[in-house]
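Note sheet for the following structure.
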Amino acid sequence: MDDKNISAAQKVTVYIDNIAYQVSKENNLLAGVLSQKLNLPYFCWHPSMGSVGACRQCAVTQYQDENDTRGRLVMACMTSVSDGMRISLQDKDSAKFREQVIGAMMTNHPHDCPVCAEGGECHLQDMTVMTGHSVRDYQGTKRTFNNQYLGELVGHEMNRCITCYRCTRFYNDYAGGKDFGVYGSKNQVYFGRQKDGTLASEFSGNLVEVCPTGVFTNKVFSAHYTRKWDLQSAPSVCAHCSVGCNTSIGERYGSVRRVMNRYNYDLNGYFLCDRGRYGIGFVNSAQRIKKAQGINQTSPEKLTRLDVSRALAHFRDKRFIGIGSARASLEANFYLKQIVGEDNFSAGYNRQQMAVAKEYQQLLSDNFIDDKMLSLREIEQCDFILLVGEDLTKTSPRIALALRQACRNSGIEKAASMGVASWQDSAVRTISGKRNSPFFAMQPMATKLDELTEQCLLLAPDDIEQVMLALTTVLCLTDNEKSNYFHQEEWQAFTFEQQSFINKVISALATAKKPLIVTGDSLLSAKILLATNKLMACLKNQATPSKVNLVVLPSASNSIGLLSLIDEKSISSEQVLAKVSTKTVAGLICLEQELTVYTNEQLTLLREHAEVIIVLDHSESRVSQLADIVLPAAAISEGNGHFVNYQGRIQRFSQVHAAALPILDSWKWLSYIEKALDFSISNQATLQRKKAKPKENLAELHDYFSENFTLWPTLKDEQLEQKFVARMTKRASGRTSQSANFSVHEAKVVEDKDQHYRFSMEGNKPNAVKNMPFTWAPGWNSNQSINHHQVEIQGQLSHYSDDVYVSFNFTRESDKNVAVNDDTLAAVITDLTAKKTLTYFPQGCLFQGEWQSALTAEFQLLAHSLEKNPTLYLSTEFVESQGWEPGQWLNVSADNKSCFAQLKCNNELPQYLVYGNINDFVDHKSGLSIKLTEVSEADVIQYQKNRQTHYQHLKVIQQNTLKQLKISDQHIPIRFVAGGLDDA
């Protein structure tokens, strides 16, 4: 269902076991039955992937009318609903048929539930109980398979397979994977790869949740395993990109074990990318900061507020620069800005990034004052896409998956014209063939989405801007003006491919019903954002069939939250360095910032001139190593706060487990720093000083912000309005048995002053389904139980309340409108054929694209995998001019750094443009000028040996991390209050 509320006109009456129900006529019978919270077993069907009728498990008896007593068997997932339809779920014939079907499926199943990682949350277990199949009849030899190595993230146990085909339907059909499939015949059907190797899809981890049995398992979770009912969970938000996918984090014995998808109708739906699912590993890494540094503690056992005050006493009433972060919470960034003042607040951006931020604000202010940016659900419904300057499979993978679904809309529409419903997946795909909705893209590197495009241009950022300006110019011209313009010099400067691209985009836009433009800031180009704004201004004045939608994607989880705090007084990284060098300020407060904008020389200069550097972070970085005072901040699983996603949607993440002291939320540390410095945030707004009081919980902090600052959004926190909710399931082993490995005495349950979740299995249901720590329903222990918490299948959650959004009405120096024709194209265009230096753009890596997740041991192994060599793509023409051959190795040097890469050719690349996946340059900004030289065979051999040595070193780190976690399980710190520092 695409609509949150199904109208009465879209519903029909269906009689199920002689009881009348209102079900949607837009979906199949199975979805209608499940929407009524009735139990009907199924395997192959999935709400997002439709029906293929592969398992035959959802059989029901359908009757012609009320007088028919015999009926006939039909498969609910393949049956349309009609008004007055009569069916039975309890009829003996259909019940017996379902039991026989599952009995046949279990013929070769190993019945290894006690050792299976899915045990206790297995859809197969639930359906077996539901059908009443309890006797194991088959006594013969079972069919067996060899398992495959599928990488560091997904495990494989093929013997458990029941051939439902969900895995290949998701991986290949839904997510566009190419390296996974189904092989065999008759009773020897195998789901896997042609040979062992890491799954290439960014969504491979969804196989774990999609599979109804334990064929595909969470390999990281299995390595440090515990049963679902012993996990302590809480609702959270992904911290690894700006989409803001909803997650549920599970923890035991103080270490995070896994992340599960938490259904959100508007955003992630049923699926997460692998970075969101596995990137949480940084929380358990050896690089975690667990103790305060630079502070003399009263005793080795505890850190007090007095200790903090003494450490900062010398700097009382002095000015500090605060450097915020796009990965820190909205609360922490807002608090930091108020502490240091508007003139001393920095987002950690350099001049180029500040220019991008200003243009980003302008773009949002001009286009989203009254309207909200499209959600993922709405993106999937678009029928035209123009993607500008983004490799979404690396920066915002979940958006890329949504665009894949949007590309199918043309084929779905064709099938609908032939009377085939969208849920009839196999038939729709057959009718659609290779038919896609119009999709056009411009970016400096090849991406996985290029295969879906009608035309894709590989261009540098400046050239993308020029094509965008030309597109805007042509759109604004009348037919007569266009005819004249196409003969002018400005138009002739573009290549034939670029001219064709512009004309095709304009033609497709003219017929689109829901067009979409997608761009972002990953290329750090203010010009592209300005050109996008001019294009949108032009389109608003065009007689297009419908409104053109825009989605703008930043890089980090709270980029928009940080962007909302940047104003004309915010300072750049260059200004920070200047203020510190001239002793205008005493020092820095770095909030979860690794300061990648600074070179090592600049960072050293900053260290030499600053009196004191205070770092608040959860993991070690080069900044924390130079700091005078390091305060251990809570990671996403240990803290409370809010992130703002790309839409401006403010979303709460909740503490999963109490952090070991002295680890605290960043905003709590800021509260103690404010108190220690006797530096009241109220003093920034008025001359009247007020004594600062440390804030003990999030509610106090929000109240304080609301009372003192008009810019703080009013947040309705449903979690604080409800009674106690359990973080653990009712089946939890109990507090005593959980800690019996080191004490038989039952410790007091930790009290949480910050929210109303309990660190136990005792509690009530949450007042809103979206706040559930974990998903469960009677008889449904797997993640499929989310069906029982939706208004309609694949619809909105029950008792859902809308989220709060930040305002995009940014204060600007001037209110002049963006002029579409301020400059003629001739004034800004450059010679596209001019010779340029080689400019490198990283393709990006899902496992290195975000600083926190890159610390995960498994991600480090995948990023430095020996399966693929570092690769550099150049134009065929340039390679031939240099006398090089594809496949040979080159030395790539830039910024006093060099590495080896294997050469490949791309016929569509301009001569000056280079892209690739070189690990040593993954953190560098786009547009890096590089030099290439040939290398000897002996150097390549030594390089490969060094790679293998480094990989083995990373493997040892992974094993040591796991070993240390298992040791830590035996030494659980007992906490009574999940709060702040001990009082002096």
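For the structure tokens, the naming scheme is as follows: chains receive sequential letters (A, B, ...) according to their order of presentation, residues are indexed from 1 within each chain, and ligands are indexed from 1 in presentation order.
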
Excluding Leu403 of chain A and its own-chain neighbours fewer than 2 positions away, which residues fall within 9 Å of it when counting only C-alpha atoms? Please give them as a compact mmCIF listing (two decimals) with C-alpha atoms, in the first residue's frame.
# COMPACT_ATOMS: atom_id res chain seq x y z
CA LEU A 376 11.93 7.27 0.15
CA ILE A 379 10.80 8.68 -4.36
CA GLU A 380 9.83 5.14 -5.35
CA CYS A 382 8.57 8.99 -9.35
CA ILE A 385 14.92 10.93 -12.54
CA ARG A 398 19.04 3.39 0.60
CA ILE A 399 18.18 6.24 -1.77
CA ALA A 400 19.85 4.28 -4.59
CA LEU A 401 17.62 1.31 -3.79
CA GLN A 405 12.20 0.81 -7.67
CA ALA A 406 11.27 4.12 -9.30
CA CYS A 407 12.81 2.92 -12.56
CA ARG A 408 10.25 0.09 -12.64
CA LEU A 449 23.00 2.89 -11.20

Practice item. From the DSSP assignment of the backbone, select every residue of segment 89-225 of chain A that is helix (DSSP H, G or I), and format the answer as number ranges by chain. Key: A: 92-105, 113-115, 123-131, 158-160, 166-174, 206-210, 219-223

Exercise for review: Please run DSSP on the backbone and report, as a list in words, all residues within segment 114-245 of chain A that come out as strand (DSSP E).
Suggested key: Val154, Gly155, His156, Gly181, Val182, Tyr183, Gly184, Ser185, Gln188, Val189, Tyr190, Phe191, Gly192, Phe216, Thr217, Asn218, Gln232, Ser233, Ala234, Pro235, Ser236 and Val237 of chain A

Review point. Rounded to one decimal in Å, what is the spacing between atom CA of Ala531 of chain A and atom CA of Ser242 of chain A?
Key: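 These two atoms are separated by 22.3 Å.
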
Check your understanding: Which one of A:Met106, A:Val420, A:Val806, A:Ala95 sits closest to Leu711 of chain A if you count only C-alpha atoms?
Key ->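 Between A:Met106, A:Val420, A:Val806, A:Ala95, the residue approaching Leu711 of chain A most closely is A:Val806.
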
Check your understanding: Which residue, A:Glu251, A:Tyr174, A:Gly641, A:Leu469, has the smallest gap to Trp229 of chain A when you use only C-alpha atoms?
Key -> A:Glu251

Check your understanding: Out of A:Arg275, A:Lys897, A:Arg429, A:His111, which residue has the shortest atom-to-atom distance to Gln848 of chain A when counting only C-alpha atoms?
Key ->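 Closest candidate: A:Arg275.
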
Review point. Can you list, as a PyMOL selection string, every protein, DNA or RNA residue that comes within 7 Å of Gln843 of chain A when you count only C-alpha atoms, leaving out same-chain residues fewer than 6 positions away?
Key: chain A and resi 445+915-917

Check your understanding: What lies within 12 Å of segment 349-351 of chain A using only C-alpha atoms, ignoring chain neighbours under 5 positions off, as a PyMOL selection string?
Key -> chain A and resi 323-326+356-358+524-526+559+562-563+566+570-577+593-599+925

Write a file of the selected residues as a PDB file, in the first residue's frame, keeping N, CA and C atoms.
ATOM      1  N   ILE A 323      33.950  23.646  17.810  1.00  0.00           N
ATOM      2  CA  ILE A 323      33.873  23.045  16.472  1.00  0.00           C
ATOM      3  C   ILE A 323      32.866  21.904  16.520  1.00  0.00           C
ATOM      4  N   GLY A 324      31.725  22.121  15.890  1.00  0.00           N
ATOM      5  CA  GLY A 324      30.678  21.123  15.878  1.00  0.00           C
ATOM      6  C   GLY A 324      30.950  20.020  14.874  1.00  0.00           C
ATOM      7  N   SER A 325      29.974  19.141  14.730  1.00  0.00           N
ATOM      8  CA  SER A 325      30.170  17.973  13.868  1.00  0.00           C
ATOM      9  C   SER A 325      28.843  17.486  13.310  1.00  0.00           C
ATOM     10  N   ALA A 326      28.893  17.002  12.067  1.00  0.00           N
ATOM     11  CA  ALA A 326      27.702  16.460  11.422  1.00  0.00           C
ATOM     12  C   ALA A 326      27.387  15.058  11.903  1.00  0.00           C
ATOM     13  N   VAL A 356      29.779  25.872   0.005  1.00  0.00           N
ATOM     14  CA  VAL A 356      28.797  24.841  -0.332  1.00  0.00           C
ATOM     15  C   VAL A 356      27.634  24.890   0.646  1.00  0.00           C
ATOM     16  N   ALA A 357      27.945  25.048   1.961  1.00  0.00           N
ATOM     17  CA  ALA A 357      26.892  25.102   2.980  1.00  0.00           C
ATOM     18  C   ALA A 357      25.966  26.293   2.748  1.00  0.00           C
ATOM     19  N   LYS A 358      26.523  27.434   2.415  1.00  0.00           N
ATOM     20  CA  LYS A 358      25.695  28.625   2.168  1.00  0.00           C
ATOM     21  C   LYS A 358      24.783  28.406   0.967  1.00  0.00           C
ATOM     22  N   LEU A 524      31.481  18.659  -3.293  1.00  0.00           N
ATOM     23  CA  LEU A 524      31.876  19.937  -2.700  1.00  0.00           C
ATOM     24  C   LEU A 524      31.865  21.060  -3.738  1.00  0.00           C
ATOM     25  N   SER A 525      30.808  21.102  -4.520  1.00  0.00           N
ATOM     26  CA  SER A 525      30.693  22.101  -5.573  1.00  0.00           C
ATOM     27  C   SER A 525      29.507  23.013  -5.302  1.00  0.00           C
ATOM     28  N   ALA A 526      29.803  24.243  -4.892  1.00  0.00           N
ATOM     29  CA  ALA A 526      28.744  25.235  -4.696  1.00  0.00           C
ATOM     30  C   ALA A 526      28.108  25.599  -6.034  1.00  0.00           C
ATOM     31  N   SER A 559      23.974  16.158   9.191  1.00  0.00           N
ATOM     32  CA  SER A 559      24.451  17.289   8.388  1.00  0.00           C
ATOM     33  C   SER A 559      23.439  18.420   8.349  1.00  0.00           C
ATOM     34  N   LEU A 562      23.343  20.292  11.650  1.00  0.00           N
ATOM     35  CA  LEU A 562      24.471  21.222  11.745  1.00  0.00           C
ATOM     36  C   LEU A 562      24.276  22.401  10.808  1.00  0.00           C
ATOM     37  N   LEU A 563      23.752  22.122   9.611  1.00  0.00           N
ATOM     38  CA  LEU A 563      23.522  23.187   8.639  1.00  0.00           C
ATOM     39  C   LEU A 563      22.546  24.226   9.177  1.00  0.00           C
ATOM     40  N   ILE A 566      24.411  26.965  11.104  1.00  0.00           N
ATOM     41  CA  ILE A 566      25.394  27.813  10.439  1.00  0.00           C
ATOM     42  C   ILE A 566      24.730  29.115  10.007  1.00  0.00           C
ATOM     43  N   SER A 570      29.182  32.274  11.642  1.00  0.00           N
ATOM     44  CA  SER A 570      29.947  31.032  11.800  1.00  0.00           C
ATOM     45  C   SER A 570      31.274  31.153  11.076  1.00  0.00           C
ATOM     46  N   ILE A 571      32.293  30.529  11.623  1.00  0.00           N
ATOM     47  CA  ILE A 571      33.641  30.709  11.091  1.00  0.00           C
ATOM     48  C   ILE A 571      34.150  29.434  10.415  1.00  0.00           C
ATOM     49  N   SER A 572      35.039  29.616   9.461  1.00  0.00           N
ATOM     50  CA  SER A 572      35.613  28.503   8.716  1.00  0.00           C
ATOM     51  C   SER A 572      36.837  27.962   9.445  1.00  0.00           C
ATOM     52  N   SER A 573      37.368  26.851   8.967  1.00  0.00           N
ATOM     53  CA  SER A 573      38.553  26.263   9.593  1.00  0.00           C
ATOM     54  C   SER A 573      39.764  27.188   9.467  1.00  0.00           C
ATOM     55  N   GLU A 574      39.830  27.951   8.363  1.00  0.00           N
ATOM     56  CA  GLU A 574      40.926  28.915   8.211  1.00  0.00           C
ATOM     57  C   GLU A 574      40.823  30.029   9.260  1.00  0.00           C
ATOM     58  N   GLN A 575      39.591  30.469   9.534  1.00  0.00           N
ATOM     59  CA  GLN A 575      39.388  31.507  10.549  1.00  0.00           C
ATOM     60  C   GLN A 575      39.662  30.970  11.951  1.00  0.00           C
ATOM     61  N   VAL A 576      39.355  29.707  12.171  1.00  0.00           N
ATOM     62  CA  VAL A 576      39.688  29.076  13.455  1.00  0.00           C
ATOM     63  C   VAL A 576      41.187  29.138  13.682  1.00  0.00           C
ATOM     64  N   LEU A 577      41.948  28.761  12.671  1.00  0.00           N
ATOM     65  CA  LEU A 577      43.399  28.760  12.784  1.00  0.00           C
ATOM     66  C   LEU A 577      43.928  30.169  13.017  1.00  0.00           C
ATOM     67  N   GLN A 593      34.809  15.532  16.385  1.00  0.00           N
ATOM     68  CA  GLN A 593      35.392  16.047  15.148  1.00  0.00           C
ATOM     69  C   GLN A 593      36.774  15.447  14.932  1.00  0.00           C
ATOM     70  N   GLU A 594      36.997  14.861  13.738  1.00  0.00           N
ATOM     71  CA  GLU A 594      38.338  14.378  13.406  1.00  0.00           C
ATOM     72  C   GLU A 594      39.126  15.386  12.580  1.00  0.00           C
ATOM     73  N   LEU A 595      38.505  16.548  12.245  1.00  0.00           N
ATOM     74  CA  LEU A 595      39.157  17.669  11.565  1.00  0.00           C
ATOM     75  C   LEU A 595      39.930  17.242  10.315  1.00  0.00           C
ATOM     76  N   THR A 596      39.250  16.554   9.424  1.00  0.00           N
ATOM     77  CA  THR A 596      39.887  16.114   8.178  1.00  0.00           C
ATOM     78  C   THR A 596      40.226  17.280   7.265  1.00  0.00           C
ATOM     79  N   VAL A 597      39.657  18.452   7.521  1.00  0.00           N
ATOM     80  CA  VAL A 597      39.940  19.618   6.663  1.00  0.00           C
ATOM     81  C   VAL A 597      41.351  20.126   6.846  1.00  0.00           C
ATOM     82  N   TYR A 598      41.987  19.783   7.948  1.00  0.00           N
ATOM     83  CA  TYR A 598      43.341  20.256   8.214  1.00  0.00           C
ATOM     84  C   TYR A 598      44.382  19.256   7.723  1.00  0.00           C
ATOM     85  N   THR A 599      45.429  19.776   7.120  1.00  0.00           N
ATOM     86  CA  THR A 599      46.585  18.943   6.823  1.00  0.00           C
ATOM     87  C   THR A 599      47.325  18.678   8.132  1.00  0.00           C
ATOM     88  N   LYS A 925      39.539  14.820  -0.792  1.00  0.00           N
ATOM     89  CA  LYS A 925      38.423  15.505  -1.428  1.00  0.00           C
ATOM     90  C   LYS A 925      38.367  15.156  -2.913  1.00  0.00           C
TER      91      LYS A 925
END

Check your understanding: Which residue gives the smallest distance to Arg377 of chain A among A:Asn344, A:Ser968, A:Ser936, A:Gln794, with only C-alpha atoms counted?
Key ->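 Residue with the minimum atom-to-atom distance to Arg377 of chain A: A:Gln794.
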
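Considering the residues A:Leu509, A:Asp230, A:Tyr21, A:Ala470 and counting only C-alpha atoms, Gln492 of chain A has its shortest atom-to-atom contact with A:Ala470.
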
Check your understanding: Do you know which residues are at most 10 Å from Leu890 of chain A counting only C-alpha atoms, after dropping those on the same chain fewer than 2 positions away, and could you put them as a list in words?
Key ->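 My list of contacting residues is Thr871, Leu872, Trp884, Gly887, Gln888, Val892, Ser893, Cys899, Phe900, Ala901, Gln902, Leu903, Lys931, Leu932, Thr933, Glu934, Val935, Ser936 and Val940 of chain A.
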
Would you mind exporting the chosen residues as a short mmCIF file (atom, residue, chain, number, x, y, z; two decimals), in the first residue's frame, restricted to C-alpha atoms?
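Done, and the output landed in again-v2.cif:
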data_model
loop_
_atom_site.label_atom_id
_atom_site.label_comp_id
_atom_site.auth_asym_id
_atom_site.auth_seq_id
_atom_site.Cartn_x
_atom_site.Cartn_y
_atom_site.Cartn_z
CA THR A 871 41.79 0.24 -9.80
CA LEU A 872 42.24 3.42 -11.82
CA TRP A 884 50.09 2.04 -21.70
CA GLY A 887 45.80 -4.19 -16.73
CA GLN A 888 49.24 -2.75 -16.13
CA VAL A 892 49.56 7.29 -8.43
CA SER A 893 50.94 10.27 -6.50
CA CYS A 899 50.24 4.15 -4.08
CA PHE A 900 49.82 1.55 -6.80
CA ALA A 901 46.71 0.94 -8.90
CA GLN A 902 45.81 -1.28 -11.81
CA LEU A 903 44.88 0.51 -15.03
CA LYS A 931 50.48 12.24 -11.45
CA LEU A 932 50.91 8.80 -13.00
CA THR A 933 54.16 6.92 -13.59
CA GLU A 934 54.98 3.37 -14.64
CA VAL A 935 56.29 0.84 -12.11
CA SER A 936 58.43 -2.26 -12.44
CA VAL A 940 54.26 -4.72 -8.05
#

Point to revise | Among listed residues A:Leu231, A:Pro870, A:Ala768, A:Ser204, nearest Lys730 of chain A (using only C-alpha atoms) | key: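 The closest residue to Lys730 of chain A is A:Leu231.
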